[in-house]
Amino acid sequence: MTDPTNVHEPVPQSAKLTAREKKWIIYDVGNSAFVLLSTAVIPIYAKSLMPADGNIVSAWGYAQTIASLVIALLMPLLGSIADVQGMKIKFFLGFFGTGVVTCCAMALPLTWLPFLVVYILATIGLNGSLTFYDSMLIDATSNERMDKVSSHGYGWGYIGSTVPFIFCIALIFGGPSLFDWSTVACTRASFIITAIWWVAVTIPLLLNYKQNYYAETKVSVKETIVRLGNIFSELKANKKVLLFLISFFFYIDGVYTIIEMSTAYGKDVGIGDSSMLLALLLTQVVAFPCSILFGKLARRFESEKLILVCIGAYFLIALFALQLDT
C-alpha cells in the first residue's frame, strides 16, 4: 500500500476536527438514521404485516442471519479488490446505493415475506457500505487520531439519527389526524424520509473522498482469491491475529444481535410501542456523550480494558432483559 500524496500532515491529538475528518464522520449521521429506523420502526411494521400467529422474533432473526452471512462471504473478496486505487469508493457507492434504493422500496405495498426480502437487501447494502466506510478512516485521518475521529463518528451518528427519527415518529403518531393518512401510509413515508436524509448527509463524503492508500497494481479476481488464500495461510502462523479476528467476529455479532433484535424481542414480550420508541430515543441521546467520552478515555487507558467494561455492561443489561419474559 502507498500514500503518494502524504496528505496526513501532523495534527495534534487535542486539535479540532479537520474538514476531511468531519466529512468522514457525517456519513455516520446518515446510515445511523436507517439503523435506528430498522431497530425501532421496521420490526413493528413487519409484525403488522404478518399473520396473527406469526413469530416476528424468529423471522427477524432469520433475516439478520441471512444478511450477515452474505456480507461475511462477500467482504473478504470485495475488500481485497477495493485495495486497488479508486475501487473503494465504487464499492462503497454500490452498497450505499443498494441500501438507499431498498429503503425506499420498503414503502411499497408488500406482504410480509417480500418485505423481509427487501429489508435483507437493505441491510446488506447498509453493512456493505459500512465495511468500506470504516476502511476509509485511514484516508481521513492519522493513526494517532483514529480513536478520536471514530468516537465522534459514533457519537454524532447517535445524536444525528434522532433528527429524522423524531420527524418520522411524529408523522406516524400525528399524521393520521393531521393529514388524514393511515398509520401504515405514515410508516411507509418514514422509509422515504430516512432514505432522503441518508443521501443528503452522504453527499459531502462522496464529493470529497480520495483514496490515498492503495495497492500499486490492479489484480484479477483469480489473483485476489490466490492472495486471500495466502493471507489465510499466514494467519495460521500468526495466532494472535487469528485469535483477534475470531474474537471480533463473535464480539461484533453479539453486539449487533442485541441491537437488531431488541425491538422484535420487546414486541414479542408485550412491551408497548410507545415505550420502546421512547427507550430507543433516550438510548441515542445518552450514547452521544458516552461515545465522545470513551474516545477521550482511549487516550489514557488501554482499549482492551475499556472494551471489557462495555462488554460487562452489555452482559448485565442482556441478563436483565432476559427476565422480562418471565
# chains A, B, ... in the order shown; residues from 1 in each chain; ligands from 1
$ residues_around --residues "A:Ile307" --least-positions-apart "6" --cutoff "12 Å" --atoms "only C-alpha atoms" --output "number ranges by chain"
A: 248, 251-252, 255, 294-295, 297-298, 301, 313-314
$ write_last_selection --atoms "all heavy atoms" --output "mmCIF file, in the first residue's frame"
data_model
loop_
_atom_site.group_PDB
_atom_site.id
_atom_site.type_symbol
_atom_site.label_atom_id
_atom_site.label_comp_id
_atom_site.auth_asym_id
_atom_site.auth_seq_id
_atom_site.Cartn_x
_atom_site.Cartn_y
_atom_site.Cartn_z
ATOM 1 N N PHE A 248 -13.249 -10.971 17.404
ATOM 2 C CA PHE A 248 -14.019 -9.828 16.910
ATOM 3 C C PHE A 248 -15.304 -10.289 16.228
ATOM 4 O O PHE A 248 -16.345 -9.642 16.355
ATOM 5 C CB PHE A 248 -13.181 -9.007 15.927
ATOM 6 C CG PHE A 248 -13.912 -7.797 15.400
ATOM 7 C CD1 PHE A 248 -14.042 -6.657 16.177
ATOM 8 C CD2 PHE A 248 -14.480 -7.806 14.136
ATOM 9 C CE1 PHE A 248 -14.725 -5.546 15.715
ATOM 10 C CE2 PHE A 248 -15.159 -6.698 13.652
ATOM 11 C CZ PHE A 248 -15.282 -5.564 14.453
ATOM 12 N N TYR A 251 -17.688 -11.083 18.979
ATOM 13 C CA TYR A 251 -17.981 -9.850 19.720
ATOM 14 C C TYR A 251 -18.963 -8.970 18.958
ATOM 15 O O TYR A 251 -20.018 -8.579 19.477
ATOM 16 C CB TYR A 251 -16.681 -9.099 19.984
ATOM 17 C CG TYR A 251 -16.872 -7.634 20.316
ATOM 18 C CD1 TYR A 251 -17.365 -7.243 21.562
ATOM 19 C CD2 TYR A 251 -16.551 -6.647 19.394
ATOM 20 C CE1 TYR A 251 -17.542 -5.900 21.872
ATOM 21 C CE2 TYR A 251 -16.726 -5.304 19.690
ATOM 22 C CZ TYR A 251 -17.218 -4.937 20.928
ATOM 23 O OH TYR A 251 -17.391 -3.618 21.218
ATOM 24 N N ILE A 252 -18.640 -8.653 17.717
ATOM 25 C CA ILE A 252 -19.479 -7.736 16.954
ATOM 26 C C ILE A 252 -20.811 -8.383 16.582
ATOM 27 O O ILE A 252 -21.839 -7.707 16.484
ATOM 28 C CB ILE A 252 -18.728 -7.233 15.692
ATOM 29 C CG1 ILE A 252 -19.317 -5.894 15.219
ATOM 30 C CG2 ILE A 252 -18.780 -8.252 14.572
ATOM 31 C CD1 ILE A 252 -19.110 -4.753 16.184
ATOM 32 N N VAL A 255 -22.967 -7.899 19.619
ATOM 33 C CA VAL A 255 -23.404 -6.509 19.737
ATOM 34 C C VAL A 255 -24.567 -6.227 18.794
ATOM 35 O O VAL A 255 -25.611 -5.693 19.195
ATOM 36 C CB VAL A 255 -22.232 -5.544 19.441
ATOM 37 C CG1 VAL A 255 -22.751 -4.110 19.311
ATOM 38 C CG2 VAL A 255 -21.183 -5.630 20.538
ATOM 39 N N PHE A 294 -15.691 7.993 25.707
ATOM 40 C CA PHE A 294 -14.833 6.828 25.537
ATOM 41 C C PHE A 294 -13.695 7.112 24.552
ATOM 42 O O PHE A 294 -12.615 6.540 24.657
ATOM 43 C CB PHE A 294 -15.645 5.618 25.085
ATOM 44 C CG PHE A 294 -16.144 4.792 26.233
ATOM 45 C CD1 PHE A 294 -17.255 5.180 26.966
ATOM 46 C CD2 PHE A 294 -15.485 3.632 26.598
ATOM 47 C CE1 PHE A 294 -17.706 4.428 28.031
ATOM 48 C CE2 PHE A 294 -15.921 2.871 27.675
ATOM 49 C CZ PHE A 294 -17.040 3.265 28.402
ATOM 50 N N GLY A 295 -13.931 8.005 23.586
ATOM 51 C CA GLY A 295 -12.854 8.408 22.691
ATOM 52 C C GLY A 295 -11.740 9.107 23.459
ATOM 53 O O GLY A 295 -10.554 8.920 23.167
ATOM 54 N N LEU A 297 -11.237 8.708 26.795
ATOM 55 C CA LEU A 297 -10.662 7.730 27.728
ATOM 56 C C LEU A 297 -9.636 6.832 27.047
ATOM 57 O O LEU A 297 -8.706 6.339 27.695
ATOM 58 C CB LEU A 297 -11.779 6.873 28.332
ATOM 59 C CG LEU A 297 -12.724 7.572 29.318
ATOM 60 C CD1 LEU A 297 -13.839 6.622 29.745
ATOM 61 C CD2 LEU A 297 -11.956 8.072 30.536
ATOM 62 N N ALA A 298 -9.817 6.618 25.725
ATOM 63 C CA ALA A 298 -8.878 5.773 24.985
ATOM 64 C C ALA A 298 -7.475 6.355 24.940
ATOM 65 O O ALA A 298 -6.499 5.646 24.665
ATOM 66 C CB ALA A 298 -9.394 5.543 23.558
ATOM 67 N N PHE A 301 -6.385 5.152 28.828
ATOM 68 C CA PHE A 301 -6.462 3.758 29.226
ATOM 69 C C PHE A 301 -6.347 2.850 28.004
ATOM 70 O O PHE A 301 -6.635 3.268 26.886
ATOM 71 C CB PHE A 301 -7.788 3.467 29.950
ATOM 72 C CG PHE A 301 -8.024 4.333 31.157
ATOM 73 C CD1 PHE A 301 -8.831 5.460 31.075
ATOM 74 C CD2 PHE A 301 -7.433 4.027 32.365
ATOM 75 C CE1 PHE A 301 -9.061 6.270 32.176
ATOM 76 C CE2 PHE A 301 -7.656 4.820 33.489
ATOM 77 C CZ PHE A 301 -8.468 5.948 33.390
ATOM 78 N N ALA A 313 -21.034 -4.445 30.886
ATOM 79 C CA ALA A 313 -22.303 -3.720 30.984
ATOM 80 C C ALA A 313 -23.343 -4.327 30.047
ATOM 81 O O ALA A 313 -24.516 -4.507 30.417
ATOM 82 C CB ALA A 313 -22.079 -2.243 30.646
ATOM 83 N N TYR A 314 -22.920 -4.661 28.822
ATOM 84 C CA TYR A 314 -23.818 -5.292 27.854
ATOM 85 C C TYR A 314 -24.371 -6.602 28.403
ATOM 86 O O TYR A 314 -25.557 -6.909 28.253
ATOM 87 C CB TYR A 314 -23.034 -5.558 26.570
ATOM 88 C CG TYR A 314 -23.644 -4.967 25.325
ATOM 89 C CD1 TYR A 314 -23.918 -3.610 25.239
ATOM 90 C CD2 TYR A 314 -23.940 -5.760 24.219
ATOM 91 C CE1 TYR A 314 -24.459 -3.060 24.091
ATOM 92 C CE2 TYR A 314 -24.493 -5.221 23.071
ATOM 93 C CZ TYR A 314 -24.746 -3.868 23.015
ATOM 94 O OH TYR A 314 -25.285 -3.344 21.885
#
$ residues_around --residues "A:Tyr62" --least-positions-apart "6" --cutoff "10 Å" --atoms "only C-alpha atoms" --output "MDAnalysis selection string"
chainID A and resid 56 68 116 120
$ atom_distance --atom1 "atom CA of A:Ile259" --atom2 "atom CA of A:Ala40"
9.8 Å
$ residues_around --residues "stretch 176-189 of chain A" --least-positions-apart "3" --cutoff "9 Å" --atoms "only C-alpha atoms" --output "PyMOL selection string"
chain A and resi 41-42+45+104+106-109+168-169+171-173+192-194
$ closest_atom_pairs --of "stretch 154-246 of chain A" --to "stretch 92-100 of chain A" --cutoff "12 Å" --atoms "only C-alpha atoms" --output "JSON lines"
{"residue": "A:Phe191", "atom": "CA", "partner": "A:Val100", "partner_atom": "CA", "distance": 9.5}
{"residue": "A:Ile192", "atom": "CA", "partner": "A:Val100", "partner_atom": "CA", "distance": 8.9}
{"residue": "A:Ile193", "atom": "CA", "partner": "A:Val100", "partner_atom": "CA", "distance": 10.7}
{"residue": "A:Thr194", "atom": "CA", "partner": "A:Val100", "partner_atom": "CA", "distance": 8.7}
{"residue": "A:Ala195", "atom": "CA", "partner": "A:Val100", "partner_atom": "CA", "distance": 5.4}
{"residue": "A:Ile196", "atom": "CA", "partner": "A:Val100", "partner_atom": "CA", "distance": 8.1}
{"residue": "A:Trp197", "atom": "CA", "partner": "A:Val100", "partner_atom": "CA", "distance": 9.8}
{"residue": "A:Trp198", "atom": "CA", "partner": "A:Val100", "partner_atom": "CA", "distance": 7.3}
{"residue": "A:Val199", "atom": "CA", "partner": "A:Val100", "partner_atom": "CA", "distance": 7.4}
{"residue": "A:Ala200", "atom": "CA", "partner": "A:Val100", "partner_atom": "CA", "distance": 11.0}
{"residue": "A:Thr202", "atom": "CA", "partner": "A:Phe96", "partner_atom": "CA", "distance": 9.2}
{"residue": "A:Ile203", "atom": "CA", "partner": "A:Leu93", "partner_atom": "CA", "distance": 10.8}
{"residue": "A:Leu205", "atom": "CA", "partner": "A:Leu93", "partner_atom": "CA", "distance": 10.5}
{"residue": "A:Leu206", "atom": "CA", "partner": "A:Leu93", "partner_atom": "CA", "distance": 8.1}
{"residue": "A:Leu207", "atom": "CA", "partner": "A:Leu93", "partner_atom": "CA", "distance": 11.4}
{"residue": "A:Tyr209", "atom": "CA", "partner": "A:Phe92", "partner_atom": "CA", "distance": 11.1}
{"residue": "A:Gln211", "atom": "CA", "partner": "A:Phe92", "partner_atom": "CA", "distance": 11.9}
$ closest_residue --among "A:Tyr158, A:Phe315, A:Tyr265, A:Phe250" --to "A:Leu281" --atoms "only C-alpha atoms"
A:Tyr158
$ residues_around --residues "A:Lys210" --least-positions-apart "6" --cutoff "9 Å" --atoms "only C-alpha atoms" --output "list in words"
Gly86, Ile89, Met136, Asp139 and Ala140 of chain A
$ select_by_dssp --residues "stretch 184-292 of chain A" --states "alpha helix (DSSP H)" --output "VMD selection string"
chain A and resid 184 to 208 221 to 237 239 to 268 273 to 292
$ write_last_selection --atoms "C-alpha atoms" --output "JSON list (two decimals), in the first residue's frame"
[["chain", "number", "residue", "atom", "x", "y", "z"],
["A", 184, "VAL", "CA", -49.46, 2.41, 7.51],
["A", 185, "ALA", "CA", -49.07, 5.24, 4.97],
["A", 186, "CYS", "CA", -47.24, 7.38, 7.51],
["A", 187, "THR", "CA", -44.92, 4.50, 8.36],
["A", 188, "ARG", "CA", -44.13, 3.94, 4.69],
["A", 189, "ALA", "CA", -43.46, 7.65, 4.29],
["A", 190, "SER", "CA", -40.91, 7.40, 7.12],
["A", 191, "PHE", "CA", -38.88, 4.96, 4.98],
["A", 192, "ILE", "CA", -38.68, 7.57, 2.21],
["A", 193, "ILE", "CA", -37.77, 10.35, 4.65],
["A", 194, "THR", "CA", -34.96, 8.25, 6.11],
["A", 195, "ALA", "CA", -33.60, 7.42, 2.66],
["A", 196, "ILE", "CA", -33.57, 11.11, 1.68],
["A", 197, "TRP", "CA", -31.74, 12.00, 4.90],
["A", 198, "TRP", "CA", -29.25, 9.17, 4.31],
["A", 199, "VAL", "CA", -28.45, 10.51, 0.83],
["A", 200, "ALA", "CA", -28.29, 14.16, 1.86],
["A", 201, "VAL", "CA", -25.69, 13.72, 4.59],
["A", 202, "THR", "CA", -23.59, 11.34, 2.48],
["A", 203, "ILE", "CA", -23.02, 13.85, -0.34],
["A", 204, "PRO", "CA", -20.04, 15.61, 1.36],
["A", 205, "LEU", "CA", -18.18, 12.29, 1.67],
["A", 206, "LEU", "CA", -18.93, 11.29, -1.92],
["A", 207, "LEU", "CA", -17.74, 14.63, -3.29],
["A", 208, "ASN", "CA", -14.55, 14.90, -1.28],
["A", 221, "VAL", "CA", -10.42, -11.91, -9.30],
["A", 222, "LYS", "CA", -8.29, -15.06, -9.63],
["A", 223, "GLU", "CA", -5.23, -13.26, -8.28],
["A", 224, "THR", "CA", -7.33, -11.84, -5.45],
["A", 225, "ILE", "CA", -8.53, -15.31, -4.45],
["A", 226, "VAL", "CA", -4.94, -16.57, -4.50],
["A", 227, "ARG", "CA", -3.83, -13.63, -2.36],
["A", 228, "LEU", "CA", -6.65, -14.31, 0.11],
["A", 229, "GLY", "CA", -5.52, -17.92, 0.30],
["A", 230, "ASN", "CA", -2.01, -16.76, 1.12],
["A", 231, "ILE", "CA", -3.36, -14.46, 3.81],
["A", 232, "PHE", "CA", -5.30, -17.29, 5.45],
["A", 233, "SER", "CA", -2.15, -19.41, 5.34],
["A", 234, "GLU", "CA", -0.20, -16.65, 7.07],
["A", 235, "LEU", "CA", -2.90, -16.40, 9.72],
["A", 236, "LYS", "CA", -2.14, -19.94, 10.84],
["A", 237, "ALA", "CA", 1.38, -18.81, 11.70],
["A", 239, "LYS", "CA", -2.10, -16.95, 16.03],
["A", 240, "LYS", "CA", -2.50, -13.58, 17.75],
["A", 241, "VAL", "CA", -4.07, -12.02, 14.66],
["A", 242, "LEU", "CA", -6.18, -15.13, 14.02],
["A", 243, "LEU", "CA", -7.46, -15.08, 17.60],
["A", 244, "PHE", "CA", -8.30, -11.39, 17.26],
["A", 245, "LEU", "CA", -10.32, -11.97, 14.09],
["A", 246, "ILE", "CA", -12.25, -14.86, 15.64],
["A", 247, "SER", "CA", -12.88, -12.89, 18.82],
["A", 248, "PHE", "CA", -14.02, -9.83, 16.91],
["A", 249, "PHE", "CA", -16.42, -11.96, 14.85],
["A", 250, "PHE", "CA", -18.23, -13.20, 17.95],
["A", 251, "TYR", "CA", -17.98, -9.85, 19.72],
["A", 252, "ILE", "CA", -19.48, -7.74, 16.95],
["A", 253, "ASP", "CA", -22.06, -10.41, 16.11],
["A", 254, "GLY", "CA", -23.25, -10.30, 19.72],
["A", 255, "VAL", "CA", -23.40, -6.51, 19.74],
["A", 256, "TYR", "CA", -25.43, -6.30, 16.53],
["A", 257, "THR", "CA", -27.69, -9.17, 17.56],
["A", 258, "ILE", "CA", -28.80, -7.27, 20.65],
["A", 259, "ILE", "CA", -29.23, -4.02, 18.72],
["A", 260, "GLU", "CA", -31.15, -5.55, 15.83],
["A", 261, "MET", "CA", -33.30, -7.92, 17.86],
["A", 262, "SER", "CA", -34.18, -5.60, 20.74],
["A", 263, "THR", "CA", -37.43, -4.21, 19.33],
["A", 264, "ALA", "CA", -38.58, -7.53, 17.89],
["A", 265, "TYR", "CA", -37.96, -9.14, 21.28],
["A", 266, "GLY", "CA", -39.68, -6.28, 23.11],
["A", 267, "LYS", "CA", -42.67, -6.55, 20.81],
["A", 268, "ASP", "CA", -42.87, -10.30, 21.42],
["A", 273, "ASP", "CA", -44.70, 0.54, 21.02],
["A", 274, "SER", "CA", -44.53, 4.00, 22.63],
["A", 275, "SER", "CA", -42.38, 2.71, 25.49],
["A", 276, "MET", "CA", -39.93, 1.02, 23.12],
["A", 277, "LEU", "CA", -39.65, 4.07, 20.89],
["A", 278, "LEU", "CA", -39.05, 6.35, 23.86],
["A", 279, "ALA", "CA", -36.41, 3.99, 25.26],
["A", 280, "LEU", "CA", -34.57, 3.82, 21.93],
["A", 281, "LEU", "CA", -34.67, 7.59, 21.53],
["A", 282, "LEU", "CA", -33.29, 8.02, 25.04],
["A", 283, "THR", "CA", -30.55, 5.50, 24.22],
["A", 284, "GLN", "CA", -29.44, 7.60, 21.24],
["A", 285, "VAL", "CA", -29.25, 10.75, 23.35],
["A", 286, "VAL", "CA", -27.27, 9.07, 26.14],
["A", 287, "ALA", "CA", -24.95, 7.31, 23.67],
["A", 288, "PHE", "CA", -23.78, 10.61, 22.16],
["A", 289, "PRO", "CA", -21.79, 11.95, 25.14],
["A", 290, "CYS", "CA", -20.71, 8.42, 26.12],
["A", 291, "SER", "CA", -19.15, 7.85, 22.69],
["A", 292, "ILE", "CA", -17.19, 11.11, 22.91]]
$ residues_around --residues "A:Val118" --least-positions-apart "3" --cutoff "8 Å" --atoms "only C-alpha atoms" --output "PyMOL selection string"
chain A and resi 102-103+105-106+114-115+121-122
$ write_last_selection --atoms "N, CA and C atoms" --output "compact mmCIF listing (two decimals), in the first residue's frame"
# COMPACT_ATOMS: atom_id res chain seq x y z
N THR A 102 -33.38 0.21 -1.66
CA THR A 102 -34.23 -0.79 -1.00
C THR A 102 -34.93 -0.20 0.23
N CYS A 103 -34.33 0.81 0.85
CA CYS A 103 -35.03 1.51 1.94
C CYS A 103 -36.30 2.16 1.39
N ALA A 105 -37.81 1.12 -1.33
CA ALA A 105 -38.67 0.03 -1.82
C ALA A 105 -39.51 -0.57 -0.70
N MET A 106 -39.07 -0.45 0.54
CA MET A 106 -39.86 -0.96 1.66
C MET A 106 -41.17 -0.20 1.82
N PRO A 114 -42.11 -10.77 1.09
CA PRO A 114 -41.36 -9.88 0.18
C PRO A 114 -40.76 -8.68 0.92
N PHE A 115 -41.48 -8.19 1.92
CA PHE A 115 -40.95 -7.07 2.70
C PHE A 115 -39.65 -7.46 3.40
N LEU A 121 -32.01 -7.07 1.72
CA LEU A 121 -31.18 -6.38 0.73
C LEU A 121 -30.74 -5.01 1.25
N ALA A 122 -31.63 -4.31 1.95
CA ALA A 122 -31.27 -3.01 2.53
C ALA A 122 -30.19 -3.17 3.60
$ residues_around --residues "A:Lys296" --least-positions-apart "3" --cutoff "12 Å" --atoms "only C-alpha atoms" --output "list of chain:residue names"
A:Gln13, A:Ser14, A:Arg145, A:Met146, A:Asp147, A:Lys148, A:Val149, A:Ser150, A:Ser151, A:His152, A:Pro289, A:Cys290, A:Ser291, A:Ile292, A:Leu293, A:Arg299, A:Arg300, A:Phe301, A:Glu302, A:Ser303, A:Leu306
$ closest_residue --among "A:Val101, A:Leu130, A:Ala170, A:Leu73" --to "A:Lys88" --atoms "only C-alpha atoms"
A:Leu130
$ closest_residue --among "A:Ala63, A:Leu308, A:Ile138, A:Leu36" --to "A:Val163" --atoms "only C-alpha atoms"
A:Leu36
$ closest_residue --among "A:Val70, A:Ala59, A:Met50, A:Gly153" --to "A:Leu17" --atoms "only C-alpha atoms"
A:Gly153
